[in-house]
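What follows is protein-v8.cif (mmCIF, C-alpha atoms).
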data_my_file
loop_
_atom_site.label_atom_id
_atom_site.label_comp_id
_atom_site.auth_asym_id
_atom_site.auth_seq_id
_atom_site.Cartn_x
_atom_site.Cartn_y
_atom_site.Cartn_z
CA MET H 274 11.33 21.38 10.14
CA SER H 275 13.86 18.96 11.63
CA LEU H 276 13.44 17.17 14.92
CA GLN H 277 16.26 19.21 16.43
CA ASP H 278 14.67 22.48 15.26
CA PHE H 279 11.48 21.51 17.08
CA LEU H 280 13.33 20.60 20.27
CA ASP H 281 15.37 23.83 20.20
CA ASP H 282 12.29 26.02 19.82
CA ASP H 283 11.00 27.25 23.20
CA THR H 284 7.48 27.54 21.79
CA SER H 285 7.27 23.81 20.93
CA ARG H 286 4.67 22.03 23.05
CA PHE H 287 3.46 18.70 21.58
CA ALA H 288 4.50 16.24 18.90
CA THR H 289 2.65 13.27 17.42
CA VAL H 290 4.55 9.97 17.56
CA ALA H 291 2.95 7.49 15.17
CA LEU H 292 3.11 3.85 14.18
CA VAL H 293 1.80 2.55 10.84
CA ASP H 294 -0.44 -0.45 11.52
CA THR H 295 -1.03 -3.48 9.32
CA ASN H 296 -3.87 -1.67 7.50
CA GLY H 297 -1.67 1.32 6.69
CA LEU H 298 -3.42 3.52 9.26
CA LEU H 299 -1.42 5.87 11.49
CA ARG H 300 -1.86 5.12 15.17
CA GLY H 301 -0.05 7.14 17.80
CA GLN H 302 -0.13 9.67 20.59
CA MET H 303 0.49 13.36 21.15
CA VAL H 304 3.36 13.74 23.62
CA SER H 305 4.81 16.80 25.30
CA THR H 306 8.22 18.05 24.30
CA ARG H 307 9.56 16.91 27.67
CA SER H 308 8.14 13.42 27.15
CA LEU H 309 9.52 13.32 23.60
CA LYS H 310 13.07 13.80 24.86
CA GLY H 311 12.68 10.67 26.97
CA ILE H 312 11.06 8.75 24.13
CA LEU H 313 14.00 9.53 21.85
CA LYS H 314 16.28 7.80 24.35
CA ALA H 315 14.18 4.83 25.46
CA GLY H 316 11.36 4.48 22.93
CA MET H 317 7.60 4.74 23.48
CA GLY H 318 5.58 1.80 24.69
CA MET H 319 2.71 0.58 22.52
CA ALA H 320 0.95 -2.78 22.54
CA PRO H 321 1.74 -5.08 19.60
CA ALA H 322 -2.02 -5.73 19.58
CA GLN H 323 -2.23 -2.54 17.49
CA LEU H 324 -1.05 -4.74 14.61
CA ALA H 325 -3.99 -7.12 15.12
CA LEU H 326 -6.70 -4.48 14.66
CA ASP H 327 -8.91 -4.06 11.62
CA PRO H 328 -9.60 -0.42 10.60
CA THR H 329 -12.59 -0.05 12.94
CA ASP H 330 -10.69 -1.68 15.85
CA GLU H 331 -12.23 -5.10 15.40
CA MET H 332 -9.74 -7.34 17.17
CA LEU H 333 -8.34 -10.09 14.94
CA GLU H 334 -6.63 -13.19 16.26
CA MET H 335 -2.85 -13.04 16.12
CA PRO H 336 -0.80 -15.86 17.67
CA GLY H 337 1.02 -14.80 20.80
CA VAL H 338 -0.58 -11.36 20.75
CA THR H 339 -4.38 -11.53 20.93
CA ASP H 340 -5.00 -15.25 21.36
CA GLY H 341 -5.23 -17.06 24.69
CA SER H 342 -1.51 -16.59 25.37
CA GLY H 343 -1.45 -12.82 24.84
CA ASP H 344 -0.93 -10.47 27.80
CA PHE H 345 -1.39 -7.18 25.88
CA HIS H 346 1.94 -5.79 27.06
CA ASP H 347 3.70 -2.78 25.53
CA ASP H 348 6.82 -3.03 23.38
CA PRO H 349 8.99 -0.02 22.56
CA LEU H 350 8.52 2.02 19.40
CA ILE H 351 11.76 3.53 18.12
CA VAL H 352 11.49 7.00 16.60
CA ASP H 353 13.02 7.57 13.17
CA PRO H 354 14.39 11.16 13.41
CA SER H 355 14.68 11.42 9.61
CA SER H 356 10.90 11.00 9.32
CA ALA H 357 10.14 14.37 10.96
CA ARG H 358 7.58 16.49 9.14
CA ARG H 359 4.77 18.92 9.97
CA ILE H 360 1.09 18.11 10.29
CA PRO H 361 -1.05 20.32 8.03
CA TRP H 362 -3.54 22.61 9.76
CA ALA H 363 -1.86 22.22 13.19
CA LYS H 364 -0.50 25.28 14.97
CA PRO H 365 3.27 25.80 15.20
CA GLY H 366 4.59 24.11 18.29
CA HIS H 367 1.96 21.38 17.99
CA ASP H 368 2.64 20.22 14.44
CA LEU H 369 5.61 17.83 14.55
CA LEU H 370 4.92 14.31 13.26
CA LEU H 371 7.40 11.46 13.76
CA LEU H 372 7.17 7.92 12.36
CA THR H 373 8.35 4.91 14.31
CA ASN H 374 8.76 1.18 14.05
CA TYR H 375 8.77 -1.57 16.64
CA SER H 376 12.02 -2.87 18.04
CA GLY H 377 12.81 -6.29 19.48
CA GLU H 378 10.63 -9.30 18.74
CA THR H 379 7.70 -7.19 17.53
CA ALA H 380 9.83 -5.84 14.67
CA ALA H 381 9.18 -9.21 13.01
CA ILE H 382 5.50 -8.24 12.47
CA CYS H 383 5.95 -4.47 12.02
CA PRO H 384 5.39 -3.47 8.35
CA ARG H 385 7.90 -0.62 8.36
CA SER H 386 10.56 -2.82 9.96
CA ILE H 387 9.91 -5.58 7.41
CA LEU H 388 10.44 -3.23 4.46
CA ARG H 389 13.64 -1.94 6.05
CA SER H 390 14.87 -5.53 6.42
CA VAL H 391 14.10 -6.43 2.79
CA LEU H 392 15.81 -3.28 1.47
CA GLU H 393 18.88 -4.03 3.60
CA ARG H 394 18.99 -7.60 2.30
CA ALA H 395 18.71 -6.41 -1.28
CA GLY H 396 21.48 -3.89 -0.62
CA ALA H 397 23.73 -6.56 0.85
CA ALA H 398 23.28 -8.52 -2.38
CA GLY H 399 24.34 -5.46 -4.38
CA TYR H 400 20.93 -4.12 -5.45
CA VAL H 401 19.37 -0.73 -4.70
CA PRO H 402 15.65 -0.41 -5.59
CA LYS H 403 14.07 2.86 -6.63
CA TYR H 404 10.30 2.95 -6.50
CA GLY H 405 7.25 5.18 -6.67
CA MET H 406 3.55 4.52 -6.20
CA GLU H 407 0.19 5.49 -7.68
CA LEU H 408 -2.81 5.66 -5.35
CA GLU H 409 -6.40 5.39 -6.59
CA TYR H 410 -9.37 6.58 -4.52
CA THR H 411 -12.93 7.83 -4.85
CA LEU H 412 -14.07 11.19 -3.49
CA PHE H 413 -17.67 11.67 -2.36
CA ASP H 414 -19.81 14.71 -1.66
CA GLU H 415 -20.96 12.89 1.45
CA THR H 416 -19.83 12.93 5.04
CA ALA H 417 -19.01 9.67 6.77
CA GLU H 418 -22.31 10.06 8.62
CA THR H 419 -24.49 10.58 5.54
CA ALA H 420 -22.79 7.68 3.78
CA ARG H 421 -23.58 5.44 6.76
CA GLU H 422 -27.19 6.69 6.90
CA LYS H 423 -27.59 5.70 3.22
CA GLY H 424 -26.20 2.26 3.93
CA TYR H 425 -23.27 3.17 1.66
CA ARG H 426 -25.61 2.96 -1.35
CA ASN H 427 -26.59 5.62 -3.87
CA LEU H 428 -23.78 7.89 -2.75
CA LYS H 429 -23.06 11.19 -4.48
CA THR H 430 -19.60 11.02 -6.03
CA ALA H 431 -17.61 14.21 -6.53
CA THR H 432 -18.20 14.01 -10.29
CA MET H 433 -21.27 12.61 -11.98
CA HIS H 434 -19.65 10.72 -14.85
CA PRO H 435 -16.55 8.63 -15.53
CA SER H 436 -14.00 11.21 -16.58
CA HIS H 437 -10.54 9.82 -17.26
CA ASP H 438 -8.11 12.77 -17.50
CA LEU H 439 -11.01 15.11 -18.22
CA VAL H 440 -9.65 18.61 -17.72
CA LEU H 441 -13.20 19.95 -17.28
CA TYR H 442 -13.62 18.08 -14.00
CA GLN H 443 -10.05 18.79 -12.91
CA THR H 444 -10.79 22.47 -13.40
CA VAL H 445 -14.11 22.31 -11.56
CA GLN H 446 -12.35 20.60 -8.66
CA THR H 447 -9.39 22.98 -8.55
CA GLU H 448 -9.91 23.65 -4.83
CA TRP H 449 -9.55 19.93 -4.05
CA TYR H 450 -6.38 19.51 -6.09
CA GLU H 451 -4.85 22.69 -4.71
CA ALA H 452 -5.70 21.63 -1.16
CA ILE H 453 -3.92 18.30 -1.70
CA ALA H 454 -0.83 20.06 -3.04
CA ALA H 455 -0.79 22.45 -0.08
CA MET H 456 -1.29 19.57 2.35
CA CYS H 457 1.64 17.64 0.88
CA GLU H 458 4.20 20.42 1.43
CA PRO H 459 4.48 20.25 5.24
CA LEU H 460 4.17 16.46 5.07
CA LYS H 461 7.17 16.32 2.71
CA ILE H 462 5.21 14.26 0.19
CA ASP H 463 6.83 14.43 -3.23
CA LEU H 464 3.61 14.54 -5.22
CA ALA H 465 4.36 13.93 -8.88
CA LYS H 466 0.94 13.80 -10.52
CA MET H 467 -2.83 13.99 -9.90
CA HIS H 468 -5.70 13.33 -12.30
CA GLU H 469 -9.23 12.05 -12.83
CA GLU H 470 -9.67 8.30 -13.25
CA ILE H 471 -12.24 5.99 -14.84
CA GLY H 472 -15.30 6.49 -12.66
CA GLY H 473 -17.44 9.12 -11.00
CA GLY H 474 -15.30 10.77 -8.30
CA PHE H 475 -12.51 8.32 -9.10
CA MET H 476 -9.05 9.93 -8.84
CA GLU H 477 -5.36 9.12 -8.69
CA ALA H 478 -2.39 10.71 -6.95
CA CYS H 479 1.19 9.62 -7.61
CA ILE H 480 4.28 9.64 -5.40
CA ALA H 481 7.58 10.38 -7.16
CA ALA H 482 10.16 7.61 -7.19
CA GLY H 483 12.79 7.47 -4.48
CA GLU H 484 14.85 5.10 -2.38
CA GLY H 485 14.71 3.59 1.09
CA LEU H 486 11.62 3.90 3.25
CA GLU H 487 10.75 7.40 2.08
CA PRO H 488 8.33 6.69 -0.82
CA ALA H 489 6.39 4.16 1.29
CA ASP H 490 6.30 6.64 4.19
CA GLN H 491 4.91 9.26 1.83
CA LEU H 492 2.23 6.98 0.41
CA VAL H 493 1.06 6.08 3.92
CA LEU H 494 0.90 9.75 4.84
CA LEU H 495 -0.96 10.57 1.63
CA LYS H 496 -3.63 7.94 2.30
CA ASN H 497 -4.17 9.02 5.89
CA PHE H 498 -4.22 12.74 5.23
CA LEU H 499 -6.41 12.51 2.13
CA ARG H 500 -9.01 11.10 4.49
CA ALA H 501 -8.41 13.95 6.92
CA LEU H 502 -8.63 16.57 4.17
CA ALA H 503 -11.94 15.18 2.92
CA MET H 504 -13.37 15.10 6.45
CA ARG H 505 -12.31 18.70 7.02
CA GLN H 506 -14.25 19.63 3.87
CA GLY H 507 -17.38 17.73 4.91
CA ARG H 508 -16.65 14.97 2.41
CA CYS H 509 -15.21 11.46 2.48
CA VAL H 510 -12.99 9.18 0.43
CA THR H 511 -12.70 5.42 0.12
CA PHE H 512 -9.80 3.18 -0.83
CA MET H 513 -11.90 0.02 -0.98
CA PRO H 514 -10.84 -2.00 -4.04
CA ARG H 515 -14.51 -2.31 -5.02
CA TRP H 516 -16.97 -0.12 -3.12
CA THR H 517 -19.90 -0.83 -5.44
CA GLU H 518 -20.56 -3.29 -8.24
CA THR H 519 -20.98 -0.41 -10.71
CA ALA H 520 -17.51 1.04 -10.04
CA ASP H 521 -14.22 -0.16 -11.44
CA SER H 522 -11.50 -1.47 -9.15
CA GLN H 523 -9.15 0.72 -7.10
CA SER H 524 -5.50 -0.13 -6.69
CA ILE H 525 -2.00 0.94 -5.73
CA HIS H 526 0.47 0.51 -8.58
CA VAL H 527 4.13 0.14 -7.63
CA HIS H 528 6.82 1.24 -10.11
CA VAL H 529 10.26 -0.28 -9.47
CA SER H 530 13.67 0.06 -11.08
CA LEU H 531 16.99 -1.29 -9.88
CA LYS H 532 20.61 -0.20 -9.83
CA ASP H 533 23.79 -1.62 -8.36
CA THR H 534 25.60 -0.11 -5.37
CA ALA H 535 27.78 1.92 -7.73
CA GLY H 536 24.69 3.62 -9.14
CA ASN H 537 24.55 1.80 -12.46
CA GLY H 538 21.07 0.99 -13.78
CA LEU H 539 20.39 -2.73 -14.21
CA PHE H 540 17.19 -2.74 -16.24
CA PHE H 541 18.22 -1.04 -19.50
CA GLU H 542 20.44 -2.46 -22.22
CA ASP H 543 21.02 -0.61 -25.46
CA GLY H 544 20.32 -2.48 -28.68
CA VAL H 545 17.90 -5.10 -27.34
CA ARG H 546 14.12 -5.20 -27.73
CA ASN H 547 12.58 -2.27 -25.80
CA GLY H 548 15.86 -1.92 -23.90
CA VAL H 549 14.87 -4.76 -21.52
CA SER H 550 18.11 -6.21 -20.14
CA GLN H 551 18.61 -9.80 -19.07
CA ASN H 552 18.65 -8.70 -15.43
CA PHE H 553 15.32 -6.99 -15.98
CA LYS H 554 13.92 -10.20 -17.44
CA TYR H 555 15.14 -12.14 -14.41
CA PHE H 556 13.46 -9.54 -12.15
CA ILE H 557 10.17 -10.08 -13.99
CA GLY H 558 10.70 -13.84 -13.76
CA GLY H 559 11.00 -13.53 -10.00
CA LEU H 560 7.78 -11.51 -9.85
CA GLN H 561 5.96 -14.17 -11.85
CA LYS H 562 7.31 -17.04 -9.76
CA TYR H 563 6.86 -15.65 -6.26
CA ILE H 564 4.18 -12.92 -6.24
CA GLY H 565 1.29 -15.38 -6.51
CA ASP H 566 2.13 -17.07 -3.21
CA MET H 567 2.12 -13.62 -1.57
CA THR H 568 -1.27 -12.60 -3.00
CA LEU H 569 -2.59 -12.04 0.53
CA ILE H 570 -0.21 -9.11 0.96
CA PHE H 571 -1.52 -7.45 -2.21
CA GLN H 572 -5.16 -8.38 -1.54
CA PRO H 573 -5.46 -8.28 2.26
CA THR H 574 -9.21 -7.92 2.89
CA VAL H 575 -12.39 -9.76 2.04
CA ASN H 576 -13.26 -6.91 -0.33
CA SER H 577 -9.96 -7.17 -2.22
CA TYR H 578 -11.10 -10.13 -4.30
CA ARG H 579 -14.16 -8.33 -5.69
CA ARG H 580 -11.71 -6.22 -7.65
CA PHE H 581 -11.19 -9.13 -10.03
CA ALA H 582 -14.82 -9.60 -11.03
CA PRO H 583 -15.42 -9.93 -14.79
CA GLY H 584 -15.45 -6.62 -16.62
CA THR H 585 -13.01 -4.75 -14.37
CA PHE H 586 -9.63 -3.43 -15.45
CA ALA H 587 -7.75 -5.52 -12.87
CA PRO H 588 -4.90 -7.78 -14.08
CA PRO H 589 -6.04 -11.08 -15.63
CA GLY H 590 -3.00 -13.04 -14.42
CA LEU H 591 0.71 -12.78 -13.61
CA THR H 592 1.54 -11.72 -17.17
CA TRP H 593 3.94 -9.06 -18.40
CA GLY H 594 4.22 -6.83 -21.44
CA TYR H 595 5.86 -3.66 -22.69
CA GLU H 596 3.58 -0.62 -22.23
CA ASN H 597 0.67 -3.01 -21.81
CA ARG H 598 -1.90 -2.10 -19.15
CA THR H 599 -3.75 -5.38 -19.68
CA THR H 600 -0.90 -7.27 -18.00
CA CYS H 601 -0.01 -7.49 -14.32
CA PHE H 602 3.62 -6.45 -14.76
CA ARG H 603 3.76 -3.55 -17.19
CA VAL H 604 7.20 -2.54 -18.47
CA VAL H 605 7.34 1.25 -18.75
CA GLY H 606 9.97 3.67 -20.12
CA HIS H 607 12.43 3.97 -22.95
CA ASP H 608 15.93 4.62 -21.58
CA ALA H 609 18.24 3.94 -18.64
CA GLY H 610 16.63 6.69 -16.61
CA SER H 611 13.00 5.69 -17.12
CA LEU H 612 12.76 1.93 -17.75
CA ARG H 613 10.93 0.21 -14.91
CA VAL H 614 8.25 -2.35 -14.08
CA GLU H 615 4.81 -1.48 -12.75
CA ASN H 616 3.23 -4.04 -10.43
CA ARG H 617 -0.51 -3.63 -11.00
CA LEU H 618 -1.67 -6.40 -8.64
CA PRO H 619 -1.97 -4.52 -5.29
CA GLY H 620 -5.36 -3.17 -4.26
CA ALA H 621 -5.78 0.31 -2.81
CA ASP H 622 -6.35 -1.33 0.59
CA THR H 623 -2.87 -2.86 0.76
CA ASN H 624 -0.15 -1.76 3.18
CA PRO H 625 2.50 0.15 1.18
CA TYR H 626 5.43 -1.17 3.22
CA LEU H 627 4.42 -4.79 2.76
CA THR H 628 3.56 -4.26 -0.91
CA VAL H 629 6.98 -2.80 -1.70
CA ALA H 630 8.76 -5.40 0.44
CA ALA H 631 7.11 -8.33 -1.33
CA THR H 632 7.64 -6.81 -4.80
CA VAL H 633 11.32 -6.05 -4.23
CA ALA H 634 11.97 -9.43 -2.61
CA ALA H 635 10.42 -11.36 -5.50
CA GLY H 636 12.21 -9.35 -8.18
CA VAL H 637 15.65 -9.41 -6.54
CA ALA H 638 15.31 -13.15 -5.96
CA GLY H 639 14.56 -13.51 -9.65
CA ILE H 640 17.91 -11.94 -10.51
CA MET H 641 19.79 -13.92 -7.89
CA GLU H 642 18.25 -17.18 -9.12
CA LYS H 643 18.30 -16.22 -12.83
CA ILE H 644 14.61 -16.97 -13.31
CA GLU H 645 13.44 -16.59 -16.90
CA PRO H 646 9.99 -15.02 -17.29
CA GLN H 647 7.05 -16.43 -19.20
CA PRO H 648 6.73 -15.08 -22.75
CA GLU H 649 5.75 -11.43 -23.09
CA VAL H 650 2.08 -10.77 -23.82
CA ILE H 651 1.48 -8.90 -27.06
CA GLY H 652 -1.98 -7.40 -27.45
CA ASN H 653 -4.91 -7.55 -25.03
CA GLY H 654 -3.91 -9.60 -21.99
CA HIS H 655 -7.56 -10.19 -21.11
CA ALA H 656 -8.02 -12.08 -24.37
CA VAL H 657 -4.93 -14.27 -23.95
CA ALA H 658 -5.02 -17.46 -21.90
CA SER H 659 -2.45 -17.03 -19.12
CA GLU H 660 0.02 -19.86 -18.68
CA GLY H 661 2.34 -20.47 -15.76
CA PRO H 662 2.00 -19.20 -12.18
CA ASP H 663 -1.11 -17.28 -11.17
CA PHE H 664 -2.22 -15.27 -8.14
CA ALA H 665 -4.78 -16.55 -5.64
CA ARG H 666 -8.38 -15.99 -6.69
CA SER H 667 -9.97 -16.20 -3.23
CA MET H 668 -9.01 -15.23 0.30
CA PRO H 669 -8.86 -18.82 1.61
CA GLU H 670 -6.52 -19.77 -1.23
CA ALA H 671 -4.38 -16.69 -0.57
CA ILE H 672 -4.13 -17.52 3.14
CA ASP H 673 -3.10 -21.10 2.44
CA ARG H 674 -0.53 -20.10 -0.16
CA LEU H 675 1.11 -17.50 2.08
CA ARG H 676 1.27 -19.92 4.98
CA GLY H 677 2.89 -22.52 2.75
CA SER H 678 5.33 -20.17 1.02
CA ALA H 679 8.96 -20.99 1.81
CA PHE H 680 9.92 -17.86 -0.12
CA ALA H 681 7.76 -15.53 2.00
CA ARG H 682 9.07 -17.13 5.17
CA ASN H 683 12.64 -16.69 3.96
CA TRP H 684 12.33 -13.00 2.97
CA LEU H 685 9.56 -11.72 5.25
CA GLY H 686 9.99 -14.08 8.20
CA ASP H 687 8.10 -16.96 9.81
CA ARG H 688 6.67 -14.72 12.50
CA PHE H 689 5.17 -12.30 9.99
CA VAL H 690 3.75 -15.03 7.77
CA ASP H 691 2.10 -16.81 10.70
CA ALA H 692 0.77 -13.62 12.29
CA PHE H 693 -0.50 -11.94 9.12
CA SER H 694 -2.18 -15.05 7.74
CA ALA H 695 -3.83 -15.66 11.12
CA THR H 696 -5.33 -12.15 11.21
CA ARG H 697 -6.61 -12.53 7.64
CA GLN H 698 -8.14 -15.90 8.53
CA SER H 699 -9.80 -14.24 11.51
CA GLN H 700 -11.21 -11.49 9.28
CA TYR H 701 -12.45 -13.99 6.73
CA ASP H 702 -14.14 -16.10 9.43
CA GLN H 703 -15.90 -13.04 10.83
CA PHE H 704 -17.31 -12.14 7.42
CA ARG H 705 -18.38 -15.70 6.67
CA LYS H 706 -20.95 -15.30 9.48
CA LYS H 707 -22.56 -12.28 7.78
CA VAL H 708 -25.61 -12.53 5.53
CA PRO H 709 -25.26 -9.96 2.70
CA ASP H 710 -28.28 -7.96 1.57
CA VAL H 711 -28.01 -9.41 -1.91
CA GLU H 712 -28.51 -12.94 -0.56
CA LEU H 713 -31.69 -11.87 1.25
CA GLN H 714 -32.97 -10.16 -1.89
CA ARG H 715 -32.23 -13.20 -4.06
CA PHE H 716 -33.23 -16.09 -1.80
CA PHE H 717 -35.48 -14.94 1.09
CA ASP H 718 -38.85 -15.34 -0.61
CA LEU H 719 -38.35 -18.05 -3.15
CA GLY H 720 -34.87 -19.49 -2.57
#

Would you give me this structure, written as structure tokens?
Amino acid sequence: MSLQDFLDDDTSRFATVALVDTNGLLRGQMVSTRSLKGILKAGMGMAPAQLALDPTDEMLEMPGVTDGSGDFHDDPLIVDPSSARRIPWAKPGHDLLLLTNYSGETAAICPRSILRSVLERAGAAGYVPKYGMELEYTLFDETAETAREKGYRNLKTATMHPSHDLVLYQTVQTEWYEAIAAMCEPLKIDLAKMHEEIGGGFMEACIAAGEGLEPADQLVLLKNFLRALAMRQGRCVTFMPRWTETADSQSIHVHVSLKDTAGNGLFFEDGVRNGVSQNFKYFIGGLQKYIGDMTLIFQPTVNSYRRFAPGTFAPPGLTWGYENRTTCFRVVGHDAGSLRVENRLPGADTNPYLTVAATVAAGVAGIMEKIEPQPEVIGNGHAVASEGPDFARSMPEAIDRLRGSAFARNWLGDRFVDAFSATRQSQYDQFRKKVPDVELQRFFDLG
């Protein structure tokens, strides 16, 4: 369904106009067809304070928006007509979904606008990224209410045992997989792969590679509507990087390749080791040099850093290797059509637009500046001492490094860096006041 088809249909009644917030959640309103026609001309007002909310609407401090100087005004959202798709389960005439981004000054802190800006800058330099994403999540045979009643402990996962690629469990859960596939059709999500992962109820769904905003749009829609699908089935999912100490970490892996504006691939060179061209090496060099200072984008919540506890399968450092899942930047593929790099640093709680923007910016800068990478890791990356740049290992360090990053300010903008780091500082400060159960158990009586 196109936007024009919806407008031309006399039975059309309501459409959903949505913004993607900093957390990757869709926020928007249902508007009548008559109202939509006006919105397409003048935009739809929405307060920039939407970008200062945590998932449960806890207000975080954002300079100029929610601090003492903020007036909570509306700024216009601009509809992207090419984003039109249908909402699963909604009746015809009520099922149009449109994505938007902020215009004007608020575009500087709008994730979708920031990715658009980075892609345009890369294009102006002669580079066209192609990217896809893998999303990890855990499915529970619990409702949100029963999970809360249990204190989010001792939850029943959809499968009892870790079951990586186990066809038995995929077969048992056929209805879930088929429901996802059916859901993705009206949402125009190009779903490439689904499978069981390395924990009870732990699964992965992959978006096929594409260009522009589309793959990030699709990943956002997949995350939001997986939640909706689970709720409709009396179940729930989580994308927390580490929801329990007995589970492995959950992430979003970003696969990126690059071509020039004439369509020629830039990563593959025949006759060299693993086909890795010099431009590809420079791209990896840029990732190694600049990604660490943008850790906060890839690990945006207080929970993100628990993903890197000892014994998890999270990256040990900003290392790279060919077909090596124990490195952060895994080179994948064997020819001009498949060779790419997989960024394994982002957690499943990251915003897809910001994740792709930061990855592309760092890699393209590596080519432009001819940055040589650190030596390739051969063997188990967890057993090799990492040399050179590293990512931030705590939220305070990540906040400080983003604030001080000239690179992030150059590519993502001063306004974004200041606003995003301020909201993360606000979240961190709120959690510092909490007393975790484990501290009471360890120290209350005899501490």

| message | Applying the PyMOL selection byres ((chain H and resi 369) around 12) to the file I just gave you, which residues come out? Please list them as an MDAnalysis selection string. | response | chainID H and resid 274:280 282 285:291 302:306 309 354 356:368 370:372 459:460

Go ahead and write the residues just picked, C-alpha atoms, as a compact mmCIF listing (two decimals), in the frame of the given file.
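Okay, this is what ended up in again.txt:
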# COMPACT_ATOMS: atom_id res chain seq x y z
CA MET H 274 11.33 21.38 10.14
CA SER H 275 13.86 18.96 11.63
CA LEU H 276 13.44 17.17 14.92
CA GLN H 277 16.26 19.21 16.43
CA ASP H 278 14.67 22.48 15.26
CA PHE H 279 11.48 21.51 17.08
CA LEU H 280 13.33 20.60 20.27
CA ASP H 282 12.29 26.02 19.82
CA SER H 285 7.27 23.81 20.93
CA ARG H 286 4.67 22.03 23.05
CA PHE H 287 3.46 18.70 21.58
CA ALA H 288 4.50 16.24 18.90
CA THR H 289 2.65 13.27 17.42
CA VAL H 290 4.55 9.97 17.56
CA ALA H 291 2.95 7.49 15.17
CA GLN H 302 -0.13 9.67 20.59
CA MET H 303 0.49 13.36 21.15
CA VAL H 304 3.36 13.74 23.62
CA SER H 305 4.81 16.80 25.30
CA THR H 306 8.22 18.05 24.30
CA LEU H 309 9.52 13.32 23.60
CA PRO H 354 14.39 11.16 13.41
CA SER H 356 10.90 11.00 9.32
CA ALA H 357 10.14 14.37 10.96
CA ARG H 358 7.58 16.49 9.14
CA ARG H 359 4.77 18.92 9.97
CA ILE H 360 1.09 18.11 10.29
CA PRO H 361 -1.05 20.32 8.03
CA TRP H 362 -3.54 22.61 9.76
CA ALA H 363 -1.86 22.22 13.19
CA LYS H 364 -0.50 25.28 14.97
CA PRO H 365 3.27 25.80 15.20
CA GLY H 366 4.59 24.11 18.29
CA HIS H 367 1.96 21.38 17.99
CA ASP H 368 2.64 20.22 14.44
CA LEU H 370 4.92 14.31 13.26
CA LEU H 371 7.40 11.46 13.76
CA LEU H 372 7.17 7.92 12.36
CA PRO H 459 4.48 20.25 5.24
CA LEU H 460 4.17 16.46 5.07

Quick one: which residues end up in the PyMOL selection byres ((chain H and resi 346) around 8) for this structure, as an mmCIF file with C-alpha atoms, in the coordinates of the input?
data_model
loop_
_atom_site.group_PDB
_atom_site.id
_atom_site.type_symbol
_atom_site.label_atom_id
_atom_site.label_comp_id
_atom_site.auth_asym_id
_atom_site.auth_seq_id
_atom_site.Cartn_x
_atom_site.Cartn_y
_atom_site.Cartn_z
ATOM 1 C CA MET H 319 2.710 0.580 22.520
ATOM 2 C CA ALA H 320 0.950 -2.780 22.540
ATOM 3 C CA PRO H 321 1.740 -5.080 19.600
ATOM 4 C CA ASP H 344 -0.930 -10.470 27.800
ATOM 5 C CA PHE H 345 -1.390 -7.180 25.880
ATOM 6 C CA ASP H 347 3.700 -2.780 25.530
ATOM 7 C CA ASP H 348 6.820 -3.030 23.380
#

| request: Run through the PyMOL selection byres ((chain H and resi 325) around 12) on the given coordinates and return the selected residues as a ChimeraX atom specification. | output: /H:294-296,320-324,326-340,343,345,379,382-383,689,692-700

| message | I need the residue nearest Ile644 (chain H) from this list: H:Leu560, H:Val549, H:Cys601, H:Cys457. Use all atoms listed in the file for the distance. | response |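 Once distances to Ile644 (chain H) are computed over all atoms listed in the file, the minimum belongs to H:Leu560.
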
| request: Quote the spacing between CA of Leu428 (chain H) and CA of Gln572 (chain H) in Å to one decimal place. | output: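 Taking CA of Leu428 (chain H) and CA of Gln572 (chain H), their separation equals 24.8 Å.
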
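Nearest residue to Pro646 (chain H) among H:Tyr626, H:Phe717, H:Tyr595, H:Phe553 is H:Phe553, counting only C-alpha atoms.
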
From the block I gave, I'd like region 400-407 of chain H written with N, CA and C atoms, as an mmCIF file, in the first residue's frame.
data_model
loop_
_atom_site.group_PDB
_atom_site.id
_atom_site.type_symbol
_atom_site.label_atom_id
_atom_site.label_comp_id
_atom_site.auth_asym_id
_atom_site.auth_seq_id
_atom_site.Cartn_x
_atom_site.Cartn_y
_atom_site.Cartn_z
ATOM 1 N N TYR H 400 30.941 7.478 -1.298
ATOM 2 C CA TYR H 400 30.769 6.156 -0.712
ATOM 3 C C TYR H 400 29.292 5.863 -0.445
ATOM 4 N N VAL H 401 28.865 4.658 -0.810
ATOM 5 C CA VAL H 401 27.475 4.244 -0.618
ATOM 6 C C VAL H 401 27.469 2.981 0.251
ATOM 7 N N PRO H 402 27.075 3.084 1.517
ATOM 8 C CA PRO H 402 27.044 1.902 2.390
ATOM 9 C C PRO H 402 25.846 1.000 2.077
ATOM 10 N N LYS H 403 26.071 -0.283 2.234
ATOM 11 C CA LYS H 403 25.001 -1.274 2.223
ATOM 12 C C LYS H 403 25.099 -2.030 3.532
ATOM 13 N N TYR H 404 23.977 -2.181 4.226
ATOM 14 C CA TYR H 404 24.054 -2.770 5.561
ATOM 15 C C TYR H 404 22.800 -3.579 5.885
ATOM 16 N N GLY H 405 22.997 -4.555 6.744
ATOM 17 C CA GLY H 405 21.905 -5.343 7.299
ATOM 18 C C GLY H 405 22.154 -5.534 8.786
ATOM 19 N N MET H 406 21.162 -6.039 9.499
ATOM 20 C CA MET H 406 21.303 -6.157 10.950
ATOM 21 C C MET H 406 20.706 -7.451 11.478
ATOM 22 N N GLU H 407 21.338 -7.969 12.529
ATOM 23 C CA GLU H 407 20.849 -9.139 13.254
ATOM 24 C C GLU H 407 20.359 -8.683 14.628
#
